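Okay, target01.cif now, which holds mmCIF, C-alpha atoms:
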data_entry
#
loop_
_atom_site.label_atom_id
_atom_site.label_comp_id
_atom_site.auth_asym_id
_atom_site.auth_seq_id
_atom_site.Cartn_x
_atom_site.Cartn_y
_atom_site.Cartn_z
CA MET Y 1 -10.93 10.34 -23.11
CA ASP Y 2 -11.79 13.86 -22.03
CA PRO Y 3 -10.25 16.13 -24.71
CA ARG Y 4 -8.97 18.51 -22.02
CA ILE Y 5 -6.49 15.84 -20.95
CA GLY Y 6 -4.95 15.41 -24.38
CA ASP Y 7 -4.56 11.82 -25.52
CA LEU Y 8 -1.16 10.66 -26.78
CA GLY Y 9 -2.48 8.23 -29.36
CA PRO Y 10 -3.37 4.53 -29.43
CA ALA Y 11 -1.54 2.17 -27.09
CA LEU Y 12 -1.55 -1.45 -25.94
CA LEU Y 13 -1.70 -3.16 -22.57
CA ALA Y 14 -0.18 -6.64 -22.87
CA LEU Y 15 -0.33 -9.44 -20.31
CA GLU Y 16 2.11 -12.30 -19.88
CA ASP Y 17 -0.63 -14.82 -20.79
CA ARG Y 18 -0.74 -13.27 -24.30
CA THR Y 19 -3.94 -11.26 -23.67
CA VAL Y 20 -3.80 -7.78 -25.23
CA PHE Y 21 -6.08 -4.80 -24.53
CA ARG Y 22 -6.22 -1.75 -26.80
CA GLY Y 23 -6.69 1.77 -25.54
CA VAL Y 24 -5.48 5.37 -25.62
CA ALA Y 25 -2.35 6.62 -23.86
CA PHE Y 26 -2.71 9.62 -21.52
CA GLY Y 27 0.15 9.38 -19.01
CA ALA Y 28 3.84 9.67 -19.81
CA PRO Y 29 4.77 8.51 -23.35
CA VAL Y 30 6.91 5.62 -22.12
CA ALA Y 31 6.58 1.88 -21.57
CA SER Y 32 6.44 0.37 -18.10
CA GLY Y 33 5.21 -2.83 -16.53
CA GLY Y 34 4.74 -4.86 -13.38
CA ASP Y 35 2.18 -7.08 -11.71
CA LEU Y 36 -1.39 -5.99 -12.41
CA VAL Y 37 -3.52 -5.28 -9.33
CA VAL Y 38 -7.20 -4.35 -9.30
CA ASN Y 39 -8.44 -1.49 -7.11
CA THR Y 40 -12.20 -1.24 -6.55
CA SER Y 41 -12.25 2.21 -4.90
CA GLN Y 42 -14.60 4.84 -6.33
CA THR Y 43 -12.43 7.69 -5.05
CA GLY Y 44 -8.84 8.11 -3.94
CA TYR Y 45 -7.03 7.67 -7.23
CA GLN Y 46 -4.58 10.43 -6.26
CA GLU Y 47 -3.78 8.65 -3.00
CA VAL Y 48 -3.48 5.31 -4.81
CA CYS Y 49 -0.99 6.73 -7.30
CA THR Y 50 1.18 8.25 -4.53
CA ASP Y 51 0.96 5.25 -2.16
CA PRO Y 52 4.44 3.64 -1.94
CA SER Y 53 2.81 0.22 -1.42
CA TYR Y 54 1.96 0.20 -5.15
CA ALA Y 55 5.64 0.37 -6.13
CA GLY Y 56 6.31 -1.99 -9.01
CA GLN Y 57 2.65 -2.57 -9.85
CA VAL Y 58 0.28 -1.58 -12.65
CA VAL Y 59 -3.00 -0.47 -11.05
CA VAL Y 60 -6.33 -1.25 -12.73
CA MET Y 61 -9.20 0.95 -11.47
CA THR Y 62 -12.58 -0.76 -11.84
CA TYR Y 63 -14.60 2.39 -11.17
CA PRO Y 64 -15.27 3.62 -14.72
CA LEU Y 65 -14.67 7.38 -14.30
CA ILE Y 66 -11.20 8.38 -13.08
CA GLY Y 67 -10.51 12.12 -12.90
CA ASN Y 68 -13.91 13.28 -11.68
CA TYR Y 69 -12.30 15.64 -9.17
CA GLY Y 70 -9.05 17.58 -9.12
CA ARG Y 71 -5.80 16.72 -7.39
CA LEU Y 72 -4.77 18.51 -4.19
CA PRO Y 73 -1.00 18.19 -3.64
CA ASP Y 74 -1.49 18.14 0.15
CA ASP Y 75 -3.40 14.87 -0.25
CA ASP Y 76 -0.47 13.06 -1.89
CA GLN Y 77 0.64 10.19 0.33
CA SER Y 78 4.34 10.48 -0.50
CA ILE Y 79 6.76 12.62 -2.48
CA ARG Y 80 5.90 11.06 -5.86
CA PRO Y 81 3.82 8.35 -7.54
CA TRP Y 82 5.34 4.87 -7.21
CA LEU Y 83 3.11 2.69 -9.36
CA ARG Y 84 4.44 1.44 -12.72
CA GLY Y 85 1.29 2.30 -14.67
CA LEU Y 86 -2.42 3.14 -14.46
CA VAL Y 87 -5.28 1.50 -16.39
CA VAL Y 88 -8.73 3.11 -16.52
CA ALA Y 89 -11.94 2.83 -18.51
CA ASN Y 90 -12.61 6.57 -18.90
CA ALA Y 91 -10.09 9.32 -18.18
CA THR Y 92 -12.03 12.42 -17.18
CA ALA Y 93 -10.97 15.95 -16.24
CA ALA Y 94 -13.04 17.76 -13.63
CA VAL Y 95 -10.76 20.81 -13.67
CA LEU Y 96 -9.11 22.86 -16.41
CA GLU Y 97 -5.90 23.61 -14.52
CA ASP Y 98 -3.17 21.17 -15.63
CA ALA Y 99 -1.48 21.05 -12.23
CA ARG Y 100 -4.62 19.64 -10.63
CA GLN Y 101 -5.14 16.86 -13.15
CA LEU Y 102 -4.11 13.27 -12.50
CA ALA Y 103 -2.60 13.02 -15.98
CA THR Y 104 -0.18 15.82 -15.16
CA LEU Y 105 1.00 14.06 -11.99
CA LEU Y 106 1.71 10.89 -13.99
CA ARG Y 107 3.40 12.67 -16.88
CA ASP Y 108 5.63 14.71 -14.59
CA HIS Y 109 6.97 11.51 -13.01
CA GLY Y 110 7.27 9.28 -16.08
CA ILE Y 111 4.32 7.00 -15.32
CA PRO Y 112 2.35 5.68 -18.33
CA ALA Y 113 -1.43 5.39 -18.29
CA ILE Y 114 -3.98 3.93 -20.68
CA ALA Y 115 -7.71 4.67 -21.00
CA GLY Y 116 -10.45 2.99 -23.02
CA VAL Y 117 -9.83 -0.44 -21.48
CA ASP Y 118 -12.77 -2.54 -20.26
CA THR Y 119 -11.35 -2.61 -16.75
CA ARG Y 120 -14.12 -4.78 -15.34
CA ALA Y 121 -13.47 -7.43 -18.00
CA LEU Y 122 -9.78 -7.17 -17.16
CA ALA Y 123 -10.59 -7.55 -13.46
CA ARG Y 124 -12.63 -10.70 -14.16
CA HIS Y 125 -9.77 -12.05 -16.25
CA LEU Y 126 -7.34 -11.56 -13.36
CA ARG Y 127 -9.80 -13.06 -10.88
CA ALA Y 128 -10.04 -16.18 -13.01
CA GLY Y 129 -6.33 -16.61 -13.66
CA GLY Y 130 -4.65 -15.03 -10.67
CA SER Y 131 -1.99 -12.33 -10.63
CA LEU Y 132 -0.30 -11.59 -13.96
CA ARG Y 133 2.49 -9.33 -15.14
CA GLY Y 134 1.55 -6.68 -17.66
CA LEU Y 135 3.10 -3.87 -19.68
CA ILE Y 136 1.73 -0.58 -21.01
CA LEU Y 137 3.58 0.11 -24.24
CA GLU Y 138 4.68 3.44 -25.69
CA PRO Y 139 2.00 5.22 -27.74
CA GLY Y 140 1.96 3.94 -31.30
CA ARG Y 141 3.72 0.63 -30.58
CA LEU Y 142 0.80 -1.57 -31.67
CA ASP Y 143 2.35 -4.93 -32.60
CA PRO Y 144 0.64 -7.51 -30.31
CA ALA Y 145 3.46 -10.05 -30.67
CA GLU Y 146 6.08 -7.50 -29.61
CA ALA Y 147 3.85 -6.36 -26.76
CA VAL Y 148 3.41 -9.87 -25.35
CA GLY Y 149 7.11 -10.63 -25.65
CA ARG Y 150 7.97 -7.54 -23.65
CA ALA Y 151 5.29 -8.30 -21.05
CA VAL Y 152 6.74 -11.77 -20.46
CA ALA Y 153 10.14 -10.17 -19.82
CA VAL Y 154 8.87 -7.94 -16.99
CA PRO Y 155 10.71 -8.94 -13.76
CA ARG Y 156 8.76 -10.95 -11.20
CA TRP Y 157 7.33 -9.05 -8.23
CA GLU Y 158 8.86 -11.52 -5.76
CA ASP Y 159 12.37 -10.89 -7.09
CA GLN Y 160 12.49 -7.13 -6.51
CA ASP Y 161 13.46 -4.99 -3.51
CA PHE Y 162 10.75 -2.34 -3.45
CA VAL Y 163 11.25 -1.32 0.18
CA GLY Y 164 14.80 -0.24 -0.58
CA GLU Y 165 13.41 1.84 -3.44
CA VAL Y 166 10.76 3.78 -1.48
CA SER Y 167 12.26 4.09 2.02
CA PRO Y 168 14.06 7.34 2.94
CA ARG Y 169 17.79 7.52 3.63
CA ALA Y 170 17.67 9.99 6.54
CA VAL Y 171 15.85 10.37 9.85
CA GLU Y 172 13.07 12.97 10.01
CA GLU Y 173 11.68 14.56 13.19
CA ILE Y 174 8.10 15.90 13.09
CA GLY Y 175 6.75 17.94 15.99
CA GLU Y 176 8.41 19.72 18.90
CA ALA Y 177 9.53 17.92 22.05
CA SER Y 178 7.34 18.81 25.01
CA GLU Y 179 6.59 17.48 28.46
CA GLY Y 180 4.01 14.69 28.33
CA VAL Y 181 4.05 14.39 24.52
CA PRO Y 182 4.90 10.82 23.47
CA LEU Y 183 7.51 10.28 20.76
CA ILE Y 184 6.57 7.62 18.22
CA ALA Y 185 9.28 6.02 16.10
CA ILE Y 186 8.00 4.98 12.67
CA VAL Y 187 10.11 2.60 10.63
CA ASP Y 188 9.41 3.66 7.05
CA PHE Y 189 9.02 0.69 4.71
CA GLY Y 190 6.77 2.78 2.43
CA LEU Y 191 5.07 5.22 4.77
CA LYS Y 192 1.86 7.04 3.87
CA ARG Y 193 1.65 10.62 5.10
CA ASN Y 194 -1.76 10.07 6.61
CA ILE Y 195 -0.25 7.75 9.23
CA VAL Y 196 1.90 10.63 10.46
CA ARG Y 197 -1.15 12.93 10.38
CA SER Y 198 -3.20 10.38 12.35
CA LEU Y 199 -0.56 10.21 15.10
CA ARG Y 200 -0.04 13.98 15.19
CA ARG Y 201 -3.80 14.58 15.54
CA ARG Y 202 -3.66 12.46 18.69
CA GLY Y 203 -0.96 14.61 20.26
CA ALA Y 204 2.16 12.57 19.42
CA ARG Y 205 5.37 13.71 17.84
CA VAL Y 206 7.01 11.48 15.29
CA ARG Y 207 10.48 10.27 14.33
CA VAL Y 208 10.59 8.64 10.89
CA LEU Y 209 13.42 6.13 10.47
CA PRO Y 210 14.67 4.42 7.29
CA HIS Y 211 14.05 0.70 6.76
CA THR Y 212 17.69 0.03 7.64
CA ALA Y 213 17.17 1.24 11.23
CA THR Y 214 18.58 -1.07 13.89
CA ALA Y 215 16.81 -2.17 17.05
CA ALA Y 216 18.98 0.30 18.98
CA ASP Y 217 17.80 3.14 16.71
CA VAL Y 218 14.16 2.18 17.07
CA LEU Y 219 14.34 1.61 20.84
CA ALA Y 220 16.06 4.85 21.76
CA THR Y 221 15.40 5.88 25.35
CA ASP Y 222 13.12 8.77 24.36
CA VAL Y 223 10.83 6.58 22.22
CA SER Y 224 7.44 5.79 23.78
CA GLY Y 225 6.06 3.58 21.02
CA VAL Y 226 6.96 2.07 17.66
CA VAL Y 227 5.06 1.85 14.38
CA LEU Y 228 6.13 -0.48 11.57
CA SER Y 229 4.70 1.12 8.46
CA PRO Y 230 3.04 -0.28 5.37
CA GLY Y 231 5.14 -0.82 2.29
CA PRO Y 232 5.53 -2.76 -0.94
CA GLY Y 233 6.91 -6.18 -1.65
CA ASP Y 234 7.35 -9.56 0.01
CA PRO Y 235 8.14 -9.67 3.78
CA ALA Y 236 10.01 -12.94 3.20
CA ARG Y 237 12.82 -10.79 1.75
CA LEU Y 238 13.10 -8.64 4.90
CA ASP Y 239 15.21 -10.66 7.35
CA GLY Y 240 16.76 -7.51 8.87
CA PRO Y 241 13.45 -5.81 9.68
CA VAL Y 242 12.05 -9.09 11.03
CA ALA Y 243 15.00 -9.39 13.43
CA MET Y 244 14.51 -5.75 14.45
CA ALA Y 245 10.79 -6.38 15.08
CA ARG Y 246 11.67 -9.39 17.22
CA ALA Y 247 13.81 -7.14 19.41
CA VAL Y 248 11.00 -4.56 19.70
CA VAL Y 249 8.55 -7.28 20.78
CA ALA Y 250 11.03 -8.51 23.39
CA ASP Y 251 11.43 -4.96 24.70
CA GLY Y 252 7.68 -4.75 25.38
CA ARG Y 253 7.14 -1.16 24.28
CA PRO Y 254 3.81 -0.31 22.57
CA LEU Y 255 4.03 -1.52 18.98
CA LEU Y 256 1.67 -1.08 16.03
CA GLY Y 257 2.27 -2.90 12.75
CA ILE Y 258 0.30 -1.80 9.68
CA CYS Y 259 0.03 -3.87 6.48
CA LEU Y 260 3.65 -4.86 5.67
CA GLY Y 261 4.47 -3.97 9.29
CA HIS Y 262 1.81 -6.46 10.39
CA GLN Y 263 3.41 -9.15 8.25
CA ILE Y 264 6.88 -8.37 9.61
CA VAL Y 265 5.66 -8.68 13.22
CA ALA Y 266 3.94 -11.97 12.34
CA ARG Y 267 7.15 -13.38 10.89
CA ALA Y 268 9.04 -12.14 13.95
CA ALA Y 269 6.56 -14.10 16.07
CA GLY Y 270 7.26 -17.28 14.05
CA ALA Y 271 4.35 -17.27 11.58
CA ASP Y 272 4.58 -17.85 7.84
CA THR Y 273 3.36 -15.52 5.10
CA THR Y 274 2.16 -16.45 1.62
CA ARG Y 275 1.09 -14.51 -1.43
CA LEU Y 276 -2.63 -14.17 -2.09
CA ARG Y 277 -3.93 -15.24 -5.47
CA PHE Y 278 -4.78 -11.69 -6.51
CA GLY Y 279 -4.39 -9.52 -3.42
CA HIS Y 280 -6.76 -7.15 -1.64
CA HIS Y 281 -7.01 -3.62 -3.06
CA GLY Y 282 -9.90 -1.27 -2.39
CA ALA Y 283 -11.87 0.67 0.21
CA ASN Y 284 -14.74 -1.70 0.96
CA HIS Y 285 -13.35 -4.83 2.66
CA PRO Y 286 -15.31 -6.10 5.71
CA VAL Y 287 -13.19 -7.15 8.69
CA GLN Y 288 -14.44 -8.70 11.91
CA ASP Y 289 -12.74 -8.27 15.26
CA VAL Y 290 -12.59 -11.79 16.73
CA ASP Y 291 -12.34 -10.47 20.30
CA THR Y 292 -15.32 -8.09 20.18
CA GLY Y 293 -17.41 -9.27 17.22
CA LEU Y 294 -17.34 -5.75 15.74
CA VAL Y 295 -17.38 -5.58 11.93
CA GLN Y 296 -15.55 -2.71 10.21
CA VAL Y 297 -15.31 -1.63 6.59
CA THR Y 298 -11.64 -1.14 5.73
CA ALA Y 299 -9.27 0.12 3.05
CA GLN Y 300 -6.75 -2.47 1.91
CA ASN Y 301 -3.72 -2.76 -0.34
CA HIS Y 302 -1.61 -5.90 -0.01
CA GLU Y 303 -0.48 -8.98 -1.89
CA VAL Y 304 0.59 -11.15 1.06
CA GLN Y 305 -1.29 -12.75 3.95
CA VAL Y 306 -0.23 -14.09 7.33
CA VAL Y 307 -0.99 -17.80 7.69
CA GLY Y 308 -2.82 -17.92 11.00
CA ALA Y 309 -2.38 -21.68 11.48
CA THR Y 310 1.40 -21.23 11.58
CA LEU Y 311 1.38 -18.71 14.45
CA PRO Y 312 3.11 -20.51 17.37
CA ALA Y 313 0.95 -20.90 20.46
CA THR Y 314 3.96 -19.94 22.56
CA SER Y 315 4.39 -16.60 20.78
CA GLY Y 316 1.87 -14.78 22.94
CA PHE Y 317 0.02 -13.61 19.82
CA HIS Y 318 -3.42 -14.60 18.59
CA VAL Y 319 -5.37 -13.79 15.45
CA SER Y 320 -7.52 -10.81 16.44
CA GLN Y 321 -9.26 -9.91 13.15
CA VAL Y 322 -10.31 -11.76 10.02
CA ASN Y 323 -11.45 -10.78 6.53
CA LEU Y 324 -15.11 -11.69 6.02
CA ASN Y 325 -14.66 -12.12 2.27
CA ASP Y 326 -12.04 -14.86 2.35
CA GLY Y 327 -11.23 -15.58 6.01
CA SER Y 328 -7.65 -14.30 5.75
CA VAL Y 329 -5.86 -12.89 8.79
CA GLU Y 330 -6.41 -9.14 9.28
CA GLY Y 331 -4.80 -8.55 12.66
CA LEU Y 332 -2.82 -9.91 15.61
CA ARG Y 333 -2.78 -8.99 19.31
CA HIS Y 334 -0.41 -9.98 22.07
CA ALA Y 335 -1.91 -11.48 25.21
CA GLU Y 336 0.25 -9.50 27.64
CA LEU Y 337 2.08 -6.72 25.79
CA PRO Y 338 0.62 -3.53 24.22
CA ILE Y 339 1.18 -4.85 20.72
CA GLU Y 340 -1.38 -4.87 17.92
CA THR Y 341 -1.10 -5.33 14.18
CA VAL Y 342 -3.58 -4.76 11.36
CA GLN Y 343 -3.41 -5.89 7.75
CA TYR Y 344 -5.69 -3.10 6.51
CA HIS Y 345 -5.06 0.67 6.47
CA PRO Y 346 -6.71 2.46 9.41
CA GLU Y 347 -5.34 5.72 7.98
CA GLY Y 348 -7.05 5.10 4.62
CA ALA Y 349 -7.88 8.43 3.00
CA PRO Y 350 -10.21 8.87 1.38
CA GLY Y 351 -11.90 5.78 2.68
CA PRO Y 352 -13.82 4.31 5.60
CA LEU Y 353 -13.14 5.78 9.03
CA ASP Y 354 -14.24 2.70 10.96
CA ALA Y 355 -10.73 1.65 12.02
CA LEU Y 356 -9.35 4.91 13.43
CA ALA Y 357 -9.66 3.51 16.97
CA VAL Y 358 -6.49 1.54 16.21
CA PHE Y 359 -4.55 4.81 16.55
CA ASP Y 360 -6.48 5.80 19.68
CA ARG Y 361 -5.47 2.58 21.43
CA PHE Y 362 -1.86 2.80 20.33
CA VAL Y 363 -1.28 6.46 21.28
CA ALA Y 364 -3.01 5.89 24.62
CA ALA Y 365 -0.65 3.00 25.38
CA ALA Y 366 2.39 5.05 24.33
CA SER Y 367 1.25 8.03 26.43
CA ALA Y 368 0.82 5.80 29.49
CA ARG Y 369 4.34 4.40 29.26
#
Translate this file's structure into structure tokens.
Amino acid sequence: MDPRIGDLGPALLALEDRTVFRGVAFGAPVASGGDLVVNTSQTGYQEVCTDPSYAGQVVVMTYPLIGNYGRLPDDDQSIRPWLRGLVVANATAAVLEDARQLATLLRDHGIPAIAGVDTRALARHLRAGGSLRGLILEPGRLDPAEAVGRAVAVPRWEDQDFVGEVSPRAVEEIGEASEGVPLIAIVDFGLKRNIVRSLRRRGARVRVLPHTATAADVLATDVSGVVLSPGPGDPARLDGPVAMARAVVADGRPLLGICLGHQIVARAAGADTTRLRFGHHGANHPVQDVDTGLVQVTAQNHEVQVVGATLPATSGFHVSQVNLNDGSVEGLRHAELPIETVQYHPEGAPGPLDALAVFDRFVAAASAR
């Protein structure tokens, strides 16, 4: 622990399988828990902490030095951090100013964090046993039996409505209306700001809609294209958004689904989704485009996969991209309509830039409408 951060004393990380890790608290002095997920990125911890897709989860960073550079508020991906806790090996402080330290961001928003944990051993443990619930306890609460009992009581990920937690309540318009400028409607299931930036850089204006938006809201006459955003949780809980996506597909307007949005479109097309054993989280996942053979390095953050074998042949969709690590589905394309979905994050920042052409294709289709 870098002394400039100021440790809050010894703390425990307890898992539901009775495994306990000891460390030092450096986030908010509270207890919090959720499903543990492992992120292998070497950079981007600020973006990870403010990514709404991590709502309800405790993030384990395998890169051993977290805090090697300062936080820039403009790089936050949403209005606040959404994760339930952060686990690191070494908490470092590259800057002296409190406001630019990761620890300050977590403390200001009531998010606990623990350092001094062998995060690579923890990652191997999760790889062997699959996803587990965990709890970071308050500093000084060091009874392992109490810690395990509280970890077991953490609610299951599948039973919680995270989209309702992170989605906005009101519509937001970004950019001025102008002749020839396409308007993109984004349904916000847990939107990252860099998606809006990626569309704006390509000349589009944006209308951000809450997750409760109806098909009529999304398909307003002035809308040229629709984006279904990433977000947290299980798409099997989202019958309303799936029905809305089905209407958007039937309308035929350009549609881009990203991460959770990809899964929602797949379910609208008739495919099943299942939870992965331990999810994909990191900035180094190879994905191959089935149609072109191109291999891209991608940023990913998801717990659920689309089951390609369940995609109806009559849906008009085919599996367009696959993960080269495990063969899971990474994208869908429609044979006739300007519809594409990707499981990864083309807007990943910081991260690989290989997949930015996804936005080029989508904005081009919306502009041509």
Return the single residue from Y:Leu332, Y:Leu356, Y:Ala216, Y:Ile264 that is closest to Arg201 in chain Y, with distances computed using only C-alpha atoms.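 Nearest to Arg201 in chain Y: Y:Leu356.
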If I wrap all listed atoms of range 187-195 of chain Y in a box with edges along x, y and z and add 5 Å on each side, what are its centre and edge lengths in Å to one decimal, as AutoDock Vina command-line options?
--center_x 4.2 --center_y 5.7 --center_z 6.5 --size_x 21.9 --size_y 19.9 --size_z 18.2
When distances are computed from all atoms listed in the file, which of Y:Arg22, Y:Arg207, Y:Arg141, Y:Arg150 shows the smallest separation from Thr119 in chain Y? Y:Arg22
List the spatial neighbours of Ala123 in chain Y as a PyMOL selection string - criterion: any atom at most 8 Å away, all atoms listed in the file, same-chain residues fewer than 4 positions off excluded. chain Y and resi 38+60+62+119+127
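Once the PyMOL selection byres ((chain Y and resi 296-304) around 6) is applied to the shown structure, the selection contains Y:Thr274, Y:Arg275, Y:Leu276, Y:Gly279, Y:His280, Y:His281, Y:Gly282, Y:Ala283, Y:Asn284, Y:His285, Y:Pro286, Y:Val287, Y:Val295, Y:Gln305, Y:Tyr344, Y:His345, Y:Gly348, Y:Pro352, Y:Asp354.
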Might you spell out which residues the PyMOL selection byres ((chain Y and resi 41-50) around 10) would select in the displayed file, as a ChimeraX atom specification? /Y:38-40,51-55,58-59,61-73,75-86,101-102,105-106,111,192-194,281-284,299-301,348-351
Grab the CA of Leu12 in chain Y to CA of Asp234 in chain Y distance for me, in Å with one decimal place.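 If I compute the distance from CA of Leu12 in chain Y to CA of Asp234 in chain Y, I get 28.6 Å.
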Would you please work out which residue, of Y:Pro254, Y:Gly308, Y:Gly149, Y:Gly316, is nearest to Ala368 in chain Y when using all atoms listed in the file? Y:Pro254
Smallest atom-to-atom distance to Gly33 in chain Y: which of Y:Gly9, Y:Leu122, Y:Gly175, Y:Leu135, using all atoms listed in the file?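 Closest candidate: Y:Leu135.
When the distance limit is 7 Å and only C-alpha atoms are what count, the residues near range 240-247 of chain Y, minus those fewer than 3 positions from it on the same chain, are Thr214, Ala215, Ala250, Asp251, Ile264, Val265, Arg267 and Ala268 of chain Y.
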What does the distance from CA of Ala271 in chain Y to CA of Val307 in chain Y come to in Å, to one decimal?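 One can read the CA of Ala271 in chain Y to CA of Val307 in chain Y distance as 6.6 Å.
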